[in-house]
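K.L.:
My structure file start.cif, mmCIF, N, CA and C atoms and all ligand atoms, is below:
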```cif
data_final
loop_
_atom_site.label_atom_id
_atom_site.label_comp_id
_atom_site.auth_asym_id
_atom_site.auth_seq_id
_atom_site.Cartn_x
_atom_site.Cartn_y
_atom_site.Cartn_z
N MET A 1 84.67 132.62 84.46
CA MET A 1 84.96 132.24 85.84
C MET A 1 84.65 130.76 86.07
N LYS A 2 83.46 130.40 85.61
CA LYS A 2 83.03 129.02 85.84
C LYS A 2 84.00 128.03 85.17
N THR A 3 84.41 128.45 83.93
CA THR A 3 85.28 127.50 83.22
C THR A 3 86.62 127.32 83.93
N ILE A 4 87.10 128.41 84.52
CA ILE A 4 88.37 128.27 85.25
C ILE A 4 88.19 127.31 86.43
N ILE A 5 87.07 127.52 87.14
CA ILE A 5 86.81 126.62 88.27
C ILE A 5 86.66 125.17 87.79
N ASP A 6 85.92 125.03 86.65
CA ASP A 6 85.76 123.68 86.09
C ASP A 6 87.11 123.06 85.77
N ARG A 7 87.94 123.90 85.14
CA ARG A 7 89.26 123.37 84.76
C ARG A 7 90.07 122.95 85.98
N CYS A 8 89.99 123.82 87.01
CA CYS A 8 90.72 123.47 88.24
C CYS A 8 90.21 122.13 88.77
N GLY A 9 88.90 121.97 88.73
CA GLY A 9 88.31 120.72 89.22
C GLY A 9 88.84 119.55 88.42
N MET A 10 88.87 119.72 87.09
CA MET A 10 89.37 118.63 86.23
C MET A 10 90.82 118.31 86.55
N LEU A 11 91.59 119.41 86.76
CA LEU A 11 93.01 119.20 87.07
C LEU A 11 93.18 118.41 88.36
N LEU A 12 92.39 118.84 89.36
CA LEU A 12 92.48 118.15 90.65
C LEU A 12 92.08 116.69 90.49
N LEU A 13 91.02 116.49 89.69
CA LEU A 13 90.53 115.14 89.48
C LEU A 13 91.61 114.28 88.80
N SER A 14 92.22 114.85 87.73
CA SER A 14 93.24 114.05 87.04
C SER A 14 94.43 113.80 87.96
N ALA A 15 94.78 114.83 88.76
CA ALA A 15 95.92 114.64 89.66
C ALA A 15 95.62 113.53 90.65
N SER A 16 94.40 113.51 91.17
CA SER A 16 94.12 112.48 92.16
C SER A 16 94.02 111.10 91.51
N LEU A 17 93.51 111.06 90.26
CA LEU A 17 93.47 109.77 89.56
C LEU A 17 94.89 109.24 89.33
N LEU A 18 95.76 110.18 88.93
CA LEU A 18 97.16 109.81 88.67
C LEU A 18 97.80 109.26 89.95
N MET A 19 97.51 109.97 91.08
CA MET A 19 98.10 109.52 92.34
C MET A 19 97.56 108.15 92.73
N THR A 20 96.27 107.93 92.49
CA THR A 20 95.71 106.62 92.80
C THR A 20 96.39 105.54 91.96
N ALA A 21 96.55 105.84 90.66
CA ALA A 21 97.19 104.86 89.77
C ALA A 21 98.61 104.59 90.23
N THR A 22 99.35 105.64 90.60
CA THR A 22 100.72 105.46 91.05
C THR A 22 100.73 104.62 92.33
N GLY A 23 99.79 104.92 93.23
CA GLY A 23 99.69 104.17 94.47
C GLY A 23 99.42 102.71 94.21
N LEU A 24 98.53 102.45 93.25
CA LEU A 24 98.22 101.06 92.92
C LEU A 24 99.42 100.34 92.36
N ARG A 25 100.15 101.07 91.47
CA ARG A 25 101.35 100.44 90.89
C ARG A 25 102.37 100.13 91.99
N ALA A 26 102.52 101.06 92.96
CA ALA A 26 103.46 100.83 94.05
C ALA A 26 103.02 99.62 94.87
N ALA A 27 101.70 99.52 95.11
CA ALA A 27 101.19 98.39 95.89
C ALA A 27 101.43 97.08 95.14
N GLU A 28 101.23 97.12 93.81
CA GLU A 28 101.49 95.91 93.01
C GLU A 28 102.96 95.53 93.07
N ALA A 29 103.84 96.54 93.00
CA ALA A 29 105.28 96.28 93.05
C ALA A 29 105.65 95.66 94.39
N ASP A 30 105.06 96.19 95.49
CA ASP A 30 105.33 95.63 96.82
C ASP A 30 104.89 94.17 96.88
N GLU A 31 103.71 93.93 96.30
CA GLU A 31 103.16 92.58 96.30
C GLU A 31 104.08 91.63 95.54
N ALA A 32 104.60 92.10 94.40
CA ALA A 32 105.50 91.27 93.58
C ALA A 32 106.80 90.99 94.34
N MET A 33 107.29 92.01 95.06
CA MET A 33 108.50 91.83 95.88
C MET A 33 108.27 90.72 96.91
N ARG A 34 107.13 90.83 97.61
CA ARG A 34 106.84 89.84 98.65
C ARG A 34 106.70 88.44 98.06
N ALA A 35 106.09 88.36 96.87
CA ALA A 35 105.91 87.05 96.23
C ALA A 35 107.26 86.43 95.90
N ARG A 36 108.19 87.27 95.37
CA ARG A 36 109.53 86.73 95.06
C ARG A 36 110.24 86.33 96.35
N GLY A 37 110.01 87.13 97.41
CA GLY A 37 110.59 86.83 98.72
C GLY A 37 110.09 85.50 99.25
N GLN A 38 108.82 85.23 99.01
CA GLN A 38 108.24 83.97 99.49
C GLN A 38 108.89 82.79 98.77
N THR A 39 109.11 82.94 97.46
CA THR A 39 109.78 81.89 96.69
C THR A 39 111.18 81.65 97.24
N LEU A 40 111.89 82.75 97.54
CA LEU A 40 113.24 82.61 98.09
C LEU A 40 113.21 81.91 99.44
N TYR A 41 112.23 82.28 100.25
CA TYR A 41 112.08 81.67 101.58
C TYR A 41 111.98 80.15 101.45
N THR A 42 111.22 79.71 100.44
CA THR A 42 111.06 78.27 100.20
C THR A 42 112.35 77.68 99.64
N GLU A 43 112.90 78.34 98.61
CA GLU A 43 114.11 77.83 97.96
C GLU A 43 115.29 77.73 98.92
N GLN A 44 115.41 78.73 99.80
CA GLN A 44 116.54 78.78 100.74
C GLN A 44 116.32 77.87 101.96
N MET A 45 115.17 77.24 101.98
CA MET A 45 114.80 76.31 103.04
C MET A 45 114.83 76.95 104.43
N CYS A 46 114.42 78.20 104.51
CA CYS A 46 114.32 78.88 105.80
C CYS A 46 113.35 78.11 106.68
N ASN A 47 112.37 77.53 106.02
CA ASN A 47 111.32 76.78 106.70
C ASN A 47 111.87 75.61 107.52
N LEU A 48 113.03 75.11 107.11
CA LEU A 48 113.63 73.97 107.79
C LEU A 48 113.74 74.23 109.30
N CYS A 49 114.20 75.43 109.65
CA CYS A 49 114.46 75.74 111.06
C CYS A 49 113.47 76.73 111.64
N HIS A 50 112.49 77.13 110.89
CA HIS A 50 111.56 78.15 111.40
C HIS A 50 110.10 77.77 111.17
N THR A 51 109.25 78.41 111.97
CA THR A 51 107.80 78.32 111.76
C THR A 51 107.35 79.67 111.23
N ARG A 52 106.46 79.67 110.27
CA ARG A 52 105.88 80.92 109.80
C ARG A 52 104.51 80.64 109.23
N ASP A 53 103.54 81.42 109.66
CA ASP A 53 102.19 81.28 109.11
C ASP A 53 101.66 79.86 109.25
N GLY A 54 101.93 79.24 110.36
CA GLY A 54 101.41 77.89 110.61
C GLY A 54 102.18 76.77 109.94
N GLU A 55 103.22 77.12 109.18
CA GLU A 55 104.02 76.06 108.54
C GLU A 55 105.35 75.94 109.25
N SER A 56 105.73 74.72 109.57
CA SER A 56 107.03 74.58 110.21
C SER A 56 107.77 73.37 109.66
N GLY A 57 109.08 73.49 109.65
CA GLY A 57 109.93 72.41 109.14
C GLY A 57 110.33 71.46 110.25
N PRO A 58 111.08 70.41 109.89
CA PRO A 58 111.46 69.38 110.84
C PRO A 58 112.35 69.88 111.98
N MET A 59 113.06 71.03 111.77
CA MET A 59 113.94 71.53 112.83
C MET A 59 113.45 72.89 113.34
N ALA A 60 112.15 73.08 113.34
CA ALA A 60 111.57 74.39 113.69
C ALA A 60 111.94 74.81 115.12
N HIS A 61 112.25 73.84 115.97
CA HIS A 61 112.64 74.17 117.34
C HIS A 61 113.98 74.91 117.38
N VAL A 62 114.79 74.75 116.32
CA VAL A 62 116.12 75.37 116.29
C VAL A 62 116.03 76.90 116.14
N GLY A 63 115.26 77.34 115.17
CA GLY A 63 115.19 78.79 114.89
C GLY A 63 113.94 79.47 115.43
N GLY A 64 112.93 78.69 115.74
CA GLY A 64 111.71 79.26 116.30
C GLY A 64 110.80 79.93 115.28
N SER A 65 109.85 80.66 115.79
CA SER A 65 108.83 81.27 114.93
C SER A 65 109.27 82.62 114.38
N LEU A 66 108.92 82.86 113.12
CA LEU A 66 109.18 84.17 112.51
C LEU A 66 107.88 84.97 112.37
N ASP A 67 106.82 84.49 112.97
CA ASP A 67 105.56 85.25 112.94
C ASP A 67 105.72 86.54 113.73
N GLY A 68 105.10 87.59 113.24
CA GLY A 68 105.12 88.88 113.96
C GLY A 68 106.51 89.48 114.05
N LEU A 69 107.37 89.12 113.11
CA LEU A 69 108.75 89.61 113.13
C LEU A 69 108.82 91.14 113.06
N ALA A 70 107.91 91.73 112.30
CA ALA A 70 107.93 93.19 112.09
C ALA A 70 107.81 93.96 113.41
N ALA A 71 107.15 93.36 114.39
CA ALA A 71 106.97 94.05 115.66
C ALA A 71 108.27 94.05 116.47
N LYS A 72 109.20 93.20 116.07
CA LYS A 72 110.40 92.97 116.86
C LYS A 72 111.66 93.50 116.18
N ARG A 73 111.72 93.34 114.86
CA ARG A 73 112.94 93.68 114.11
C ARG A 73 112.59 94.59 112.94
N ASP A 74 113.57 95.44 112.54
CA ASP A 74 113.35 96.23 111.33
C ASP A 74 114.22 95.67 110.19
N ALA A 75 114.00 96.24 108.99
CA ALA A 75 114.66 95.71 107.79
C ALA A 75 116.18 95.73 107.93
N ALA A 76 116.72 96.81 108.51
CA ALA A 76 118.18 96.93 108.62
C ALA A 76 118.75 95.82 109.51
N TRP A 77 118.06 95.56 110.61
CA TRP A 77 118.53 94.50 111.52
C TRP A 77 118.51 93.15 110.81
N ILE A 78 117.39 92.87 110.14
CA ILE A 78 117.25 91.56 109.47
C ILE A 78 118.32 91.41 108.39
N GLU A 79 118.58 92.50 107.65
CA GLU A 79 119.58 92.41 106.58
C GLU A 79 120.95 92.08 107.17
N ARG A 80 121.32 92.80 108.22
CA ARG A 80 122.62 92.54 108.87
C ARG A 80 122.67 91.09 109.36
N TYR A 81 121.57 90.67 109.94
CA TYR A 81 121.52 89.32 110.51
C TYR A 81 121.63 88.25 109.42
N LEU A 82 120.89 88.43 108.32
CA LEU A 82 120.91 87.41 107.26
C LEU A 82 122.30 87.31 106.62
N ARG A 83 122.94 88.48 106.46
CA ARG A 83 124.27 88.48 105.85
C ARG A 83 125.28 87.74 106.72
N ASP A 84 125.18 87.93 108.03
CA ASP A 84 126.16 87.32 108.93
C ASP A 84 125.53 87.10 110.30
N PRO A 85 124.77 86.01 110.44
CA PRO A 85 124.02 85.78 111.68
C PRO A 85 124.89 85.83 112.94
N GLN A 86 126.07 85.21 112.88
CA GLN A 86 126.89 85.12 114.09
C GLN A 86 127.47 86.48 114.51
N ALA A 87 127.54 87.43 113.57
CA ALA A 87 128.01 88.77 113.92
C ALA A 87 126.97 89.49 114.77
N VAL A 88 125.70 89.08 114.64
CA VAL A 88 124.62 89.75 115.37
C VAL A 88 124.22 88.95 116.61
N ILE A 89 124.03 87.65 116.42
CA ILE A 89 123.75 86.75 117.56
C ILE A 89 124.83 85.67 117.55
N PRO A 90 125.90 85.88 118.34
CA PRO A 90 127.08 84.99 118.27
C PRO A 90 126.75 83.50 118.38
N SER A 91 125.74 83.17 119.15
CA SER A 91 125.44 81.74 119.35
C SER A 91 124.53 81.17 118.26
N SER A 92 124.10 82.02 117.30
CA SER A 92 123.15 81.57 116.29
C SER A 92 123.71 80.43 115.45
N GLN A 93 122.88 79.45 115.17
CA GLN A 93 123.31 78.33 114.33
C GLN A 93 122.85 78.51 112.90
N MET A 94 122.41 79.71 112.59
CA MET A 94 121.87 79.94 111.25
C MET A 94 122.99 80.17 110.25
N PRO A 95 122.92 79.54 109.06
CA PRO A 95 123.97 79.74 108.07
C PRO A 95 123.92 81.15 107.46
N LYS A 96 125.10 81.64 107.01
CA LYS A 96 125.17 82.95 106.33
C LYS A 96 124.42 82.90 105.01
N SER A 97 123.85 84.01 104.62
CA SER A 97 123.14 84.06 103.35
C SER A 97 124.09 84.39 102.21
N THR A 98 123.82 83.79 101.05
CA THR A 98 124.64 84.09 99.87
C THR A 98 123.79 84.84 98.85
N LEU A 99 122.67 85.41 99.29
CA LEU A 99 121.75 86.08 98.36
C LEU A 99 122.30 87.43 97.93
N THR A 100 121.84 87.90 96.78
CA THR A 100 122.21 89.23 96.29
C THR A 100 121.43 90.29 97.08
N ASP A 101 121.84 91.56 96.93
CA ASP A 101 121.14 92.66 97.62
C ASP A 101 119.66 92.65 97.28
N GLN A 102 119.38 92.48 95.98
CA GLN A 102 117.98 92.49 95.52
C GLN A 102 117.20 91.34 96.14
N GLN A 103 117.80 90.18 96.15
CA GLN A 103 117.12 89.01 96.73
C GLN A 103 116.89 89.19 98.23
N LEU A 104 117.88 89.79 98.91
CA LEU A 104 117.71 90.04 100.34
C LEU A 104 116.55 90.99 100.58
N ALA A 105 116.45 92.03 99.74
CA ALA A 105 115.36 93.00 99.88
C ALA A 105 114.01 92.31 99.69
N GLU A 106 113.95 91.37 98.74
CA GLU A 106 112.70 90.65 98.48
C GLU A 106 112.34 89.74 99.66
N LEU A 107 113.36 89.04 100.15
CA LEU A 107 113.13 88.14 101.28
C LEU A 107 112.66 88.92 102.51
N ILE A 108 113.29 90.08 102.75
CA ILE A 108 112.93 90.90 103.91
C ILE A 108 111.52 91.47 103.74
N ALA A 109 111.17 91.85 102.51
CA ALA A 109 109.80 92.35 102.27
C ALA A 109 108.79 91.26 102.63
N PHE A 110 109.12 90.03 102.27
CA PHE A 110 108.24 88.90 102.61
C PHE A 110 108.18 88.69 104.12
N LEU A 111 109.35 88.68 104.76
CA LEU A 111 109.41 88.42 106.21
C LEU A 111 108.65 89.48 107.01
N LEU A 112 108.70 90.73 106.53
CA LEU A 112 108.03 91.82 107.27
C LEU A 112 106.58 91.99 106.83
N GLY A 113 106.18 91.20 105.84
CA GLY A 113 104.85 91.37 105.25
C GLY A 113 103.70 90.98 106.16
N SER A 114 103.92 90.13 107.12
CA SER A 114 102.82 89.77 108.01
C SER A 114 103.34 89.35 109.36
C1 LIG B 1 119.99 75.67 110.25
C2 LIG B 1 118.79 76.27 110.78
C3 LIG B 1 118.34 77.61 110.22
C4 LIG B 1 118.03 77.92 108.92
C5 LIG B 1 118.13 77.04 107.69
C6 LIG B 1 117.56 79.29 108.94
N1 LIG B 1 117.57 79.77 110.21
FE1 LIG B 1 116.94 81.64 110.80
N2 LIG B 1 117.51 81.26 112.68
C7 LIG B 1 118.07 80.07 113.11
C8 LIG B 1 118.51 80.23 114.50
C9 LIG B 1 119.20 79.16 115.35
C10 LIG B 1 118.16 81.56 114.86
C11 LIG B 1 118.48 82.27 116.17
C12 LIG B 1 117.44 82.15 117.17
C13 LIG B 1 117.94 82.86 118.38
O1 LIG B 1 118.97 82.47 118.92
O2 LIG B 1 117.29 83.86 118.77
C14 LIG B 1 117.52 82.15 113.71
C15 LIG B 1 117.03 83.44 113.70
C16 LIG B 1 116.45 84.05 112.59
C17 LIG B 1 115.92 85.38 112.58
C18 LIG B 1 115.88 86.34 113.75
C19 LIG B 1 114.62 86.12 114.52
C20 LIG B 1 114.58 87.03 115.72
O3 LIG B 1 113.56 87.67 115.91
O4 LIG B 1 115.56 87.09 116.46
C21 LIG B 1 115.46 85.62 111.33
C22 LIG B 1 114.84 86.89 110.80
C23 LIG B 1 115.72 84.42 110.56
N3 LIG B 1 116.31 83.48 111.36
C24 LIG B 1 115.41 84.28 109.24
C25 LIG B 1 115.78 83.20 108.46
C26 LIG B 1 115.66 83.15 107.02
C27 LIG B 1 115.05 84.24 106.17
C28 LIG B 1 116.17 81.95 106.61
C29 LIG B 1 116.36 81.46 105.20
C30 LIG B 1 117.26 82.26 104.38
C31 LIG B 1 116.61 81.25 107.81
N4 LIG B 1 116.37 82.03 108.91
C32 LIG B 1 117.17 79.98 107.81
C33 LIG B 1 118.22 78.90 112.39
C34 LIG B 1 118.05 78.79 111.03
#
```
Please re-express this file's structure in structure tokens.

P.N.:
Amino acid sequence: MKTIIDRCGMLLLSASLLMTATGLRAAEADEAMRARGQTLYTEQMCNLCHTRDGESGPMAHVGGSLDGLAAKRDAAWIERYLRDPQAVIPSSQMPKSTLTDQQLAELIAFLLGS
């Protein structure tokens, strides 16, 4: 009887260790996504027209702040907007994105990250 209980305990323990490891790997993957998104944000010069995290470009008054974006927009909205800004906000002066699906996902992960 005891051994069965012990074994169950071991099984539960290994299952929870496995879940922790999987969770950590998922967290690392999210972190890597955001890091690539941050690089894209810099490369695409989003900073030119926006402020984020205390950094702003010379035309930051044009696009305004992207801080706290997650409270206002979700990933689907941002994706639609980045692909074709004028289709979502007709008066927007923001250029269309030429990024791939994967790159857009990375950029959005970064934008929603804080
Ligand atoms: C030429 C200037 C310019 C550049 C470069 C630019 N934006 Fe914008 N962005 C704007 C303008 C203008 C708006 C619209 C503001 C409005 O009318 O509400 C905007 C709005 C946004 C919004 C919506 C904000 C909201 O809450 O409504 C997001 C998200 C955004 N930009 C992300 C980006 C990203 C990511 C990049 C880089 C790929 C980028 N922008 C590059 C000018 C720019």

K.L.:
My list of candidates is A:Cys46, A:Ala109, A:Val88, A:Glu55. Which is closest to ligand LIG 1 (chain B) when distances are computed with all atoms listed in the file?

P.N.:
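The shortest atom-to-atom distance to ligand LIG 1 (chain B) comes from A:Cys46.
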
K.L.:
So which one's closest to ligand LIG 1 (chain B), A:Arg36, A:Arg7, A:Arg80, A:His50? Using only N, CA and C atoms and all ligand atoms, please.

P.N.:
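The closest residue to ligand LIG 1 (chain B) is A:His50.
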
K.L.:
Can you list every residue of chain A that has an atom at most 6.5 Å from ligand LIG 1 (chain B), with its nearest atom pair and the distance in Å to one decimal, using all atoms listed in the file, ordered by chain then number, as a tab-separated table?

P.N.:
```
residue	atom	partner	partner_atom	distance
A:Leu40	C	B:LIG1	C30	6.4
A:Tyr41	CA	B:LIG1	C29	5.6
A:Gln44	C	B:LIG1	C29	4.8
A:Met45	C	B:LIG1	C5	4.6
A:Cys46	CA	B:LIG1	C29	3.3
A:Asn47	N	B:LIG1	C29	5.7
A:Leu48	CA	B:LIG1	C5	5.4
A:Cys49	CA	B:LIG1	C2	4.4
A:His50	N	B:LIG1	N1	5.8
A:Val62	C	B:LIG1	C9	4.0
A:Gly63	CA	B:LIG1	C7	3.6
A:Gly64	N	B:LIG1	C12	5.9
A:Ser65	C	B:LIG1	C19	6.4
A:Leu66	CA	B:LIG1	C19	6.1
A:Leu69	CA	B:LIG1	O3	5.9
A:Lys72	C	B:LIG1	O3	6.1
A:Arg73	N	B:LIG1	O3	6.1
A:Ile78	CA	B:LIG1	C22	5.4
A:Ser91	C	B:LIG1	O1	5.7
A:Ser92	C	B:LIG1	C9	4.7
A:Gln93	N	B:LIG1	C9	3.7
A:Met94	CA	B:LIG1	C33	4.0
A:Pro95	N	B:LIG1	C1	5.0
A:Ser97	CA	B:LIG1	C30	6.2
A:Leu107	C	B:LIG1	C27	6.4
```

K.L.:
Would you mind telling me which residue in A:Gly37, A:Pro85, A:Pro58, A:Pro90 lies nearest to A:Leu104 when using all atoms listed in the file?

P.N.:
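Smallest distance to A:Leu104 is found for A:Gly37.
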
K.L.:
Once DSSP has gone over the backbone, tell me which residues of chain A are in strand (DSSP E), as a tab-separated table (two decimals) with N, CA and C atoms, in the frame of the given file.

P.N.:
```tsv
chain	number	residue	atom	x	y	z
A	50	HIS	N	112.49	77.13	110.89
A	50	HIS	CA	111.56	78.15	111.40
A	50	HIS	C	110.10	77.77	111.17
A	51	THR	N	109.25	78.41	111.97
A	51	THR	CA	107.80	78.32	111.76
A	51	THR	C	107.35	79.67	111.23
A	52	ARG	N	106.46	79.67	110.27
A	52	ARG	CA	105.88	80.92	109.80
A	52	ARG	C	104.51	80.64	109.23
A	55	GLU	N	103.22	77.12	109.18
A	55	GLU	CA	104.02	76.06	108.54
A	55	GLU	C	105.35	75.94	109.25
A	56	SER	N	105.73	74.72	109.57
A	56	SER	CA	107.03	74.58	110.21
A	56	SER	C	107.77	73.37	109.66
A	64	GLY	N	112.93	78.69	115.74
A	64	GLY	CA	111.71	79.26	116.30
A	64	GLY	C	110.80	79.93	115.28
A	65	SER	N	109.85	80.66	115.79
A	65	SER	CA	108.83	81.27	114.93
A	65	SER	C	109.27	82.62	114.38
```

K.L.:
For the atom pair atom CA of A:Asp74 and atom CA of A:Met19, what is the interatomic distance in Å to one decimal place?

P.N.:
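That distance, rounded to one decimal, is 27.7 Å.
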
K.L.:
Can you work out the spacing between atom N of A:Glu79 and atom N of A:Gln38 in Å, to one decimal?

P.N.:
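Distance reported for this atom pair: 14.9 Å.
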
K.L.:
Find, counting only C-alpha atoms, the residue in A:Leu82, A:Ala70, A:Ala21, A:Leu12 that gets nearest to A:Leu99.

P.N.:
A:Leu82

K.L.:
So how many Å separate atom CA of A:Asp84 and atom CA of A:Ala32, to one decimal?

P.N.:
26.0 Å

K.L.:
Quick one: axis-aligned box around all listed atoms of stretch 70-87 of chain A, 5 Å on every side, centre and edge lengths in Å to one decimal, written as lines of an AutoDock Vina configuration file.

P.N.:
```
center_x = 117.5
center_y = 91.0
center_z = 111.4
size_x = 31.0
size_y = 21.8
size_z = 21.0
```
